[in-house]
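Novice: One structure, as structure tokens, below. Some questions next.
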Amino acid sequence: MIDACDGCLRRSYEFAPDGAISAPVRLDVDAVCVHSDSYPAALRDLTQPPPVLYATRLDLVARLDEPVAVVIGSRRPSEYGRTVAYGIARGLGAAGVPVVSGLALGIDAVAHRGCLDGVGRTIAVLACGVDVPYPRTNRRLYERIREHGSIVSEVPPGSRPYRWLFPARNRIMAALGRLVVVVEAAQRSGTLITADFAADLGRDVAAVPGQVTTEAAAGTNGLLRSGAALVTGPQDVLDLLYGVGVRQVPGAPSPVLDSRAQRTLDLVAQGLGLDELGRELGLSAALLRATLAQLELQGLIRRAPSGAYVPAA
Amino acid sequence: MLAKVRTFALEGLDGLPVTVEVDVRRGLPAFSVVGLPDRAVRESRERVRAALANSGVNFPQQRVTVNLAPASLRKTGPSFDLAIAVAVVAADGGLPGGDLLDAVCGELSLSGEIRPIRGALAMALAARRGGVARMLVPVANAPESALADGLEVIGVPTLAELLELLRGDRTAEPAMPALAVDGPDRDGPDLADVRGQADARRALEIAAAGGHNLLMIGPPGAGKTMLARRLPGILPPPTMAEAIEITKVQGVAGLARGGLVTRRPFRAPHHTISASGLVGGGVPPKPGEVTLAHRGVLFLDELPEFARASLEALRQPLEDGSVVVVRGQRAVEYPARAMLLAACNGCPCARPAGECTCNDVDRIRYARRLSGPLLDRIDLVCELGQPPPPIPAGKLEPGESSGRVRERVLAARELQTERLRDEGVSCNAAMDARLTRRTVLLRDATCARPALERLSGRGQDRVLRLARTIADLADSEQVLLEHLDEAVGYRLNDPHRAAA
């Protein structure tokens, strides 16, 4: 305990206000004070709103006229959770709903990616400085978000992530959104901390039901039991945000497919493997690969980590 | 009196001329061998003494000095026995005439029988280069040595017969080269045994047609090993020059079966193999698995389980087609032009997609073990699905036979040979980035752009090389969009991108 306090104290001594002021300018990062007009109003609901908020593309965060959805979940999700999270985030992105998440491994990353793939705006709330791509595995995603979305943090640029910063970060995520969607969370996880913050702030909490036997679904199923809204796809989220049937998930502008590609797509959706596909379609292995590659390029199917082809969303 | 006999030492895969000089002069009876002999060579004193006695020749009761020249070359192995024995007899005045013109190689047993040696073909080729007219070798090695065209090779069973031959008391017919010792099962197992697996069969065919390295990913029991063993059978049969190279390598490694090897080698080392075992090493240096697979297939099952150091060591040989092993003061170059065929599971738990219990961290860790520079050398990745359910006999047509697939492969190879004749490379897989961009003509470059844009520079080169091979299989001068699309389908599904 003493040690931890020492550490905090030492860091506070080391804190150099000059650097904290000059770094944002140097890095082209906006810094906005809690009293400023461009400070996101939703954060003022917090008992302790961040005195200063750092952001790349502050304009995306400041004028949040659309209701915002927070999509978060386990760092070690199942393939099921990954698919559902991607579908929700992509649908929300396409419908123009900004998606907030934490750039963590697993569901967070999938949510950001889905929103970007749906050509939507996504906001990543970090526990470290906005210029620190953490975790490193996600640095390519970090670059994508920097380009097309916004990255937000309450600690000055250059700050390293400390354990205690993560729950603090979670309270910002919870406050930014009108609705928190939880896709897979174990019991006693950081994701549930965010859900608790959201509930305390009067935000809606929704969860995706999971298999009762998977550990990663214990948290979400618990949330559902205690009254969270049940979400199965992007349309459910839109209904919660705007009221039932007010807004629709825009159908993807479906590319014109010839009958062969269409049949292939249908059969991939049924979960057929390469060999079965070839047999069902009567295609040579060469033509099947070419057809699948075309569908993949059009974003209609993707490769699961196992290498199998699965529908994109 | 002094006598000289020519023989050969093995250095890497090549024979080096060695002259055995024996001096017999009056003095206290002694027998010493000089000229950097190793233990096996020094022990040849005892074998020579006994073999001569058992062949009815008296060992000179004088001071006998044997020198193996050049004295700076380190001599290993027992193949000098015979030359030493003959030189001793000659120096003692037991043979008529002046210096012996024939070259002599062989190991002696105590009874005077001549035992086979390693590297007989390599030595015979060196003898021919050195202008030797006639070479006397162990009878078991004769058909192999006789493959050196233009050299008269005589196989001799015992020391006594050899001496009779040299004295002119006996004549012997030159040995005939043994062609095609592999017989009817030359190509190994047949592709007709593989049922279904259309996609993997296609990938194997493309790999064979362009010489591309191939990675197969799939759950245990999906047929990865079964397919791998059938790759040599659909490769073009080795040319005479290649067959001699293969025979030479196997002879030096002690795997020769006494004749020309016309089957491409298939080597499948276990994943616990060390880096030296894979690329060669040891004192004295021995060829590694990649050399034993020269002109054939090196199959690495469970690729991620191989030690990282071993896989790293494999990179340079795959790139250069040869490997230089340096041990102590010796540097030996071995050929290593092998196709790499690798296999691994889709994820660490190795269960089919639906039952997989791995999470991202496990998967990324597993994928990371096989990522890295070696993957850069792999153009073709195919995923095998579930093992097919057992089908009652007779229900399903047998698959296409290896022979028919090989016909298509041969046709595609001919197109490549024609195109790449002046470039110094033999097949599409060997094209570097510059050559790839120059030779791969896309018919519809604008439409092809979206397929290529998402890939890295190296990824594009891989896809283009592969598309060229696919077009060759279709006998198409230009690379069409469908060829490119198929090639894109075989690229690596980057687990980092998919998971992160």
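All residue names refer to the structure tokens as shown: chains lettered A, B, ... in order, residues numbered from 1 in each chain, ligands numbered from 1 in order.
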Counting only C-alpha atoms, what is within 12 Å of Pro311 of chain A, bar same-chain residues fewer than 2 positions away, as a PyMOL selection string?

Specialist: chain A and resi 83-84+86-87+264-272+292+295-296+298-304+308-309+313

Novice: Enumerate, as an MDAnalysis selection string, the complete set of residues in segment 225-344 of chain B that a backbone-based DSSP assignment places in helix (DSSP H, G or I).

Specialist: chainID B and resid 225:229 231:234 240:252 275:279 289:292 303:305 308:320

Novice: Show me which bits of chain A are within 8 Å of chain B, counting only C-alpha atoms, as a PyMOL selection string.

Specialist: chain A and resi 76-78+105-106+109-110+137-138+273-275+278+284-294+297+303-308

Novice: Pull C-alpha atoms from the residues just selected and write them as a compact mmCIF listing (two decimals), in the first residue's frame.

Specialist:
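To be explicit, this is the file written out as again27.txt:
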```txt
# COMPACT_ATOMS: atom_id res chain seq x y z
CA ARG A 76 -11.12 -13.45 -24.88
CA PRO A 77 -14.39 -13.87 -26.76
CA SER A 78 -15.75 -16.88 -28.57
CA LEU A 105 -8.31 -7.08 -27.45
CA GLY A 106 -11.34 -9.15 -28.36
CA ALA A 109 -11.41 -4.34 -31.30
CA VAL A 110 -14.09 -6.17 -33.26
CA THR A 137 -1.55 -5.98 -31.19
CA ASN A 138 -4.18 -3.45 -32.19
CA GLY A 273 -16.91 -26.52 -46.03
CA LEU A 274 -14.85 -26.23 -49.19
CA ASP A 275 -15.37 -29.81 -50.29
CA GLY A 278 -17.62 -27.88 -54.54
CA SER A 284 -14.10 -27.32 -59.95
CA ALA A 285 -11.78 -26.53 -57.07
CA ALA A 286 -10.22 -23.78 -59.17
CA LEU A 287 -13.49 -22.04 -59.98
CA LEU A 288 -14.73 -22.39 -56.42
CA ARG A 289 -11.63 -20.66 -55.03
CA ALA A 290 -12.00 -17.87 -57.58
CA THR A 291 -15.68 -17.38 -56.75
CA LEU A 292 -14.99 -17.33 -53.02
CA ALA A 293 -12.16 -14.84 -53.50
CA GLN A 294 -14.52 -12.54 -55.41
CA LEU A 297 -13.23 -8.99 -52.00
CA ARG A 303 -12.22 -16.05 -43.31
CA ALA A 304 -12.66 -17.28 -39.76
CA PRO A 305 -9.45 -17.81 -37.80
CA SER A 306 -9.74 -21.50 -38.65
CA GLY A 307 -9.50 -20.53 -42.32
CA ALA A 308 -13.08 -21.51 -43.10
```

Novice: Env of Leu159 of chain B: 8 Å cut, atoms = only C-alpha atoms, seq-sep filter 3 positions within chain, self excluded. Answer as a CSV table (one decimal) with N, CA and C atoms, in the first residue's frame.

Specialist:
```
chain,number,residue,atom,x,y,z
B,51,ALA,N,43.6,-58.4,-43.3
B,51,ALA,CA,43.0,-58.8,-44.6
B,51,ALA,C,44.1,-59.3,-45.6
B,52,LEU,N,45.3,-58.7,-45.5
B,52,LEU,CA,46.3,-59.2,-46.4
B,52,LEU,C,46.7,-60.6,-46.0
B,55,SER,N,44.3,-63.1,-47.1
B,55,SER,CA,44.3,-63.2,-48.6
B,55,SER,C,45.5,-63.9,-49.1
B,82,LEU,N,41.4,-50.2,-48.9
B,82,LEU,CA,41.7,-51.0,-50.1
B,82,LEU,C,43.0,-50.4,-50.7
B,108,LEU,N,37.8,-52.7,-46.1
B,108,LEU,CA,38.2,-54.1,-46.0
B,108,LEU,C,37.6,-54.7,-44.7
B,112,GLY,N,39.3,-60.1,-45.7
B,112,GLY,CA,39.7,-59.8,-47.1
B,112,GLY,C,38.6,-59.5,-48.0
B,113,GLU,N,37.4,-59.6,-47.5
B,113,GLU,CA,36.2,-59.2,-48.3
B,113,GLU,C,36.2,-57.6,-48.4
B,114,ILE,N,35.7,-57.2,-49.6
B,114,ILE,CA,35.6,-55.7,-49.8
B,114,ILE,C,34.2,-55.2,-49.5
B,156,VAL,N,34.8,-55.5,-57.4
B,156,VAL,CA,35.6,-56.6,-56.9
B,156,VAL,C,35.1,-57.0,-55.6
B,162,LEU,N,41.1,-58.9,-56.3
B,162,LEU,CA,41.6,-57.6,-56.8
B,162,LEU,C,43.1,-57.8,-57.1
B,163,LEU,N,43.9,-58.5,-56.3
B,163,LEU,CA,45.3,-58.6,-56.5
B,163,LEU,C,45.5,-59.5,-57.8
```

Novice: Taking 5 positions as the minimum chain separation for residues in the same chain, which residues sit within 8 Å of Tyr54 of chain A when counting only C-alpha atoms? Answer as a list in words.

Specialist: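 That gives Pro24, Val29, Asp30, Ala31, Val32, Val130, Val152, Ser153, Glu154, Val155, Pro156 and Pro157 of chain A.
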
Novice: Create the file for the chosen residues now, containing C-alpha atoms and written as a CSV table (one decimal), in the first residue's frame.

Specialist:
```csv
chain,number,residue,atom,x,y,z
A,24,PRO,CA,-1.1,18.2,-27.4
A,29,VAL,CA,-4.3,16.6,-30.3
A,30,ASP,CA,-7.1,18.7,-28.9
A,31,ALA,CA,-7.3,19.3,-25.2
A,32,VAL,CA,-10.6,20.6,-23.9
A,130,VAL,CA,-4.1,9.3,-27.0
A,152,VAL,CA,-10.1,10.0,-26.4
A,153,SER,CA,-8.3,10.0,-23.1
A,154,GLU,CA,-8.2,11.9,-19.8
A,155,VAL,CA,-4.5,11.4,-19.2
A,156,PRO,CA,-2.0,13.6,-21.0
A,157,PRO,CA,-0.4,12.4,-24.2
```

Novice: According to DSSP computed on the backbone, where in segment 9-215 of chain A is there strand (DSSP E or B)? Give the residues as JSON, numbers by chain.

Specialist: {"A": [30, 31, 32, 33, 52, 53, 54, 55, 56, 69, 70, 71, 72, 73, 99, 100, 101, 122, 123, 124, 125, 150, 151, 152, 153, 179, 180, 181, 182, 183, 204, 205, 206, 207]}

Novice: What does the file look like for those residues with C-alpha atoms, as a PDB file, in the first residue's frame?

Specialist:
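result.pdb written:
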```
ATOM      1  CA  ASP A  30      -7.125  18.687 -28.947  1.00  0.00           C
ATOM      2  CA  ALA A  31      -7.295  19.345 -25.218  1.00  0.00           C
ATOM      3  CA  VAL A  32     -10.570  20.635 -23.860  1.00  0.00           C
ATOM      4  CA  CYS A  33     -11.346  21.775 -20.321  1.00  0.00           C
ATOM      5  CA  VAL A  52      -9.302  17.968 -19.192  1.00  0.00           C
ATOM      6  CA  LEU A  53     -10.171  15.671 -22.063  1.00  0.00           C
ATOM      7  CA  TYR A  54      -7.641  14.934 -24.783  1.00  0.00           C
ATOM      8  CA  ALA A  55      -8.928  13.841 -28.164  1.00  0.00           C
ATOM      9  CA  THR A  56      -7.933  13.433 -31.751  1.00  0.00           C
ATOM     10  CA  ALA A  69     -23.801   3.256 -28.365  1.00  0.00           C
ATOM     11  CA  VAL A  70     -21.015   1.733 -26.309  1.00  0.00           C
ATOM     12  CA  VAL A  71     -20.161  -1.782 -27.495  1.00  0.00           C
ATOM     13  CA  ILE A  72     -17.840  -3.654 -25.152  1.00  0.00           C
ATOM     14  CA  GLY A  73     -17.052  -7.192 -24.082  1.00  0.00           C
ATOM     15  CA  VAL A  99     -19.779   3.323 -31.593  1.00  0.00           C
ATOM     16  CA  VAL A 100     -17.671   3.861 -28.477  1.00  0.00           C
ATOM     17  CA  SER A 101     -15.319   1.185 -27.187  1.00  0.00           C
ATOM     18  CA  THR A 122     -16.031   5.144 -33.915  1.00  0.00           C
ATOM     19  CA  ILE A 123     -14.544   6.544 -30.722  1.00  0.00           C
ATOM     20  CA  ALA A 124     -11.844   4.730 -28.774  1.00  0.00           C
ATOM     21  CA  VAL A 125     -11.433   5.674 -25.124  1.00  0.00           C
ATOM     22  CA  SER A 150     -11.597   9.701 -32.734  1.00  0.00           C
ATOM     23  CA  ILE A 151      -9.341   8.663 -29.867  1.00  0.00           C
ATOM     24  CA  VAL A 152     -10.064  10.035 -26.422  1.00  0.00           C
ATOM     25  CA  SER A 153      -8.308   9.979 -23.061  1.00  0.00           C
ATOM     26  CA  LEU A 179     -26.655   2.786 -24.194  1.00  0.00           C
ATOM     27  CA  VAL A 180     -24.044   0.212 -23.241  1.00  0.00           C
ATOM     28  CA  VAL A 181     -24.191  -3.047 -25.176  1.00  0.00           C
ATOM     29  CA  VAL A 182     -22.295  -5.906 -23.549  1.00  0.00           C
ATOM     30  CA  VAL A 183     -21.248  -8.793 -25.798  1.00  0.00           C
ATOM     31  CA  ASP A 204     -29.390   1.949 -20.504  1.00  0.00           C
ATOM     32  CA  VAL A 205     -27.624  -1.381 -20.340  1.00  0.00           C
ATOM     33  CA  ALA A 206     -28.207  -4.115 -22.895  1.00  0.00           C
ATOM     34  CA  ALA A 207     -26.619  -7.522 -23.303  1.00  0.00           C
TER      35      ALA A 207
END
```

Novice: I need the residue nearest Arg113 of chain A from this list: A:Ala85, A:Ala261, A:Val97, A:Leu126. Use only C-alpha atoms for the distance.

Specialist: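 Counting only C-alpha atoms, the residue closest to Arg113 of chain A is A:Ala85.
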
Novice: What is the atom CA of Ala293 of chain B to atom CA of Pro265 of chain B distance in Å?

Specialist: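 Calculated distance between atom CA of Ala293 of chain B and atom CA of Pro265 of chain B is 5.4 Å.
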
Novice: Figure out the distance between atom CA of Arg144 of chain A and atom CA of Ser456 of chain B, please, to one decimal in Å.

Specialist: 16.4 Å

Novice: Would you list the contacts of segment 235-238 of chain B as a PyMOL selection string, taking every protein, DNA or RNA residue within 10 Å and counting only C-alpha atoms, but skipping same-chain residues closer than 4 positions in sequence?

Specialist: chain B and resi 186-187+204-205+207-211+230-231+242-246+261-264+295-297+402-403+405-411+413

Novice: Just N, CA and C atoms for this one: save the residues we selected as a compact mmCIF listing (two decimals), in the first residue's frame.

Specialist:
```
# COMPACT_ATOMS: atom_id res chain seq x y z
N ARG B 186 7.77 -46.62 -58.59
CA ARG B 186 8.68 -45.52 -58.65
C ARG B 186 8.11 -44.24 -58.05
N ASP B 187 6.84 -44.00 -58.30
CA ASP B 187 6.28 -42.73 -57.89
C ASP B 187 5.67 -42.75 -56.50
N LEU B 204 -2.29 -28.91 -54.37
CA LEU B 204 -1.10 -29.75 -54.56
C LEU B 204 -0.64 -29.70 -56.02
N GLU B 205 -1.62 -29.71 -56.92
CA GLU B 205 -1.29 -29.68 -58.34
C GLU B 205 -0.62 -28.36 -58.71
N ALA B 207 0.98 -26.38 -56.68
CA ALA B 207 2.30 -26.35 -56.05
C ALA B 207 3.30 -27.11 -56.92
N ALA B 208 2.90 -28.29 -57.40
CA ALA B 208 3.80 -29.10 -58.21
C ALA B 208 4.09 -28.40 -59.54
N ALA B 209 3.08 -27.76 -60.11
CA ALA B 209 3.25 -27.17 -61.43
C ALA B 209 4.21 -25.99 -61.41
N GLY B 210 4.21 -25.21 -60.30
CA GLY B 210 5.06 -24.03 -60.27
C GLY B 210 6.23 -24.16 -59.32
N GLY B 211 6.33 -25.31 -58.65
CA GLY B 211 7.39 -25.47 -57.66
C GLY B 211 7.18 -24.61 -56.43
N ARG B 230 2.02 -37.89 -51.59
CA ARG B 230 1.72 -38.05 -53.02
C ARG B 230 2.27 -36.93 -53.88
N LEU B 231 2.91 -35.97 -53.25
CA LEU B 231 3.46 -34.87 -54.05
C LEU B 231 4.61 -35.31 -54.95
N GLU B 242 19.50 -34.57 -62.76
CA GLU B 242 18.92 -34.49 -61.43
C GLU B 242 19.01 -35.83 -60.72
N ALA B 243 18.74 -36.91 -61.47
CA ALA B 243 18.77 -38.24 -60.87
C ALA B 243 20.17 -38.54 -60.35
N ILE B 244 21.18 -38.11 -61.11
CA ILE B 244 22.55 -38.35 -60.65
C ILE B 244 22.82 -37.55 -59.38
N GLU B 245 22.31 -36.31 -59.34
CA GLU B 245 22.48 -35.52 -58.12
C GLU B 245 21.82 -36.22 -56.92
N ILE B 246 20.60 -36.71 -57.15
CA ILE B 246 19.89 -37.38 -56.05
C ILE B 246 20.67 -38.61 -55.59
N VAL B 261 18.90 -43.45 -58.62
CA VAL B 261 17.63 -43.20 -57.94
C VAL B 261 16.78 -42.33 -58.86
N THR B 262 15.66 -42.87 -59.31
CA THR B 262 14.84 -42.11 -60.24
C THR B 262 13.57 -41.62 -59.57
N ARG B 263 13.49 -41.80 -58.26
CA ARG B 263 12.32 -41.30 -57.54
C ARG B 263 12.77 -40.05 -56.79
N ARG B 264 11.93 -39.02 -56.83
CA ARG B 264 12.28 -37.82 -56.07
C ARG B 264 12.19 -38.13 -54.59
N ARG B 295 16.12 -31.84 -54.76
CA ARG B 295 15.36 -32.21 -55.96
C ARG B 295 14.08 -32.97 -55.63
N GLY B 296 13.69 -32.96 -54.37
CA GLY B 296 12.47 -33.65 -53.98
C GLY B 296 11.67 -32.77 -53.03
N VAL B 297 11.07 -33.41 -52.03
CA VAL B 297 10.14 -32.74 -51.15
C VAL B 297 10.58 -32.86 -49.70
N SER B 402 -2.34 -40.10 -60.14
CA SER B 402 -1.15 -39.23 -60.16
C SER B 402 -0.65 -39.02 -61.58
N GLY B 403 -0.73 -40.07 -62.40
CA GLY B 403 -0.20 -39.98 -63.76
C GLY B 403 -0.88 -38.88 -64.55
N VAL B 405 -2.52 -36.24 -63.38
CA VAL B 405 -2.18 -34.93 -62.83
C VAL B 405 -0.79 -34.53 -63.30
N ARG B 406 0.12 -35.53 -63.32
CA ARG B 406 1.49 -35.21 -63.69
C ARG B 406 1.59 -34.74 -65.13
N GLU B 407 0.72 -35.25 -65.99
CA GLU B 407 0.74 -34.78 -67.38
C GLU B 407 0.49 -33.28 -67.44
N ARG B 408 -0.50 -32.83 -66.67
CA ARG B 408 -0.80 -31.39 -66.68
C ARG B 408 0.36 -30.60 -66.09
N VAL B 409 0.93 -31.16 -65.00
CA VAL B 409 2.06 -30.48 -64.36
C VAL B 409 3.21 -30.33 -65.36
N LEU B 410 3.47 -31.41 -66.10
CA LEU B 410 4.57 -31.38 -67.07
C LEU B 410 4.34 -30.32 -68.13
N ALA B 411 3.09 -30.25 -68.62
CA ALA B 411 2.78 -29.25 -69.65
C ALA B 411 3.02 -27.85 -69.12
N ARG B 413 5.01 -26.99 -66.69
CA ARG B 413 6.46 -26.79 -66.50
C ARG B 413 7.14 -26.45 -67.82
```

Novice: With only C-alpha atoms as the counted atoms, please give the residues lying no more than 8 Å from Val5 of chain B, apart from itself and same-chain residues fewer than 4 positions off, as a list of chain:residue names.

Specialist: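 Those residues are B:Thr19, B:Val20, B:Glu21, B:Ala83, B:Ile84, B:Val86, B:Ala87, B:Asp99, B:Leu100, B:Leu101, B:Asp102, B:Ala103, B:Val104.
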
Novice: Compile the contact shell of Leu215 of chain B as a list in words: residues with an atom at most 8 Å away, counting only C-alpha atoms, same-chain residues fewer than 3 positions apart removed.

Specialist: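 Counting only the stated atoms, we get Leu341, Ala342, Ala343, Cys344, Ile378, Leu380, Val381 and Cys382 of chain B.
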
Novice: So what do you get for atom CA of Thr171 of chain B versus atom CA of Arg129 of chain B, distance-wise?

Specialist: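 We find that atom CA of Thr171 of chain B and atom CA of Arg129 of chain B lie 25.3 Å from each other.
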
Novice: Find, counting only C-alpha atoms, the residue in B:Phe306, B:Gly281, B:Arg47, B:Gln62 that gets nearest to Arg25 of chain B.

Specialist: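 Looking only at the distances to Arg25 of chain B, the closest residue turns out to be B:Gln62.
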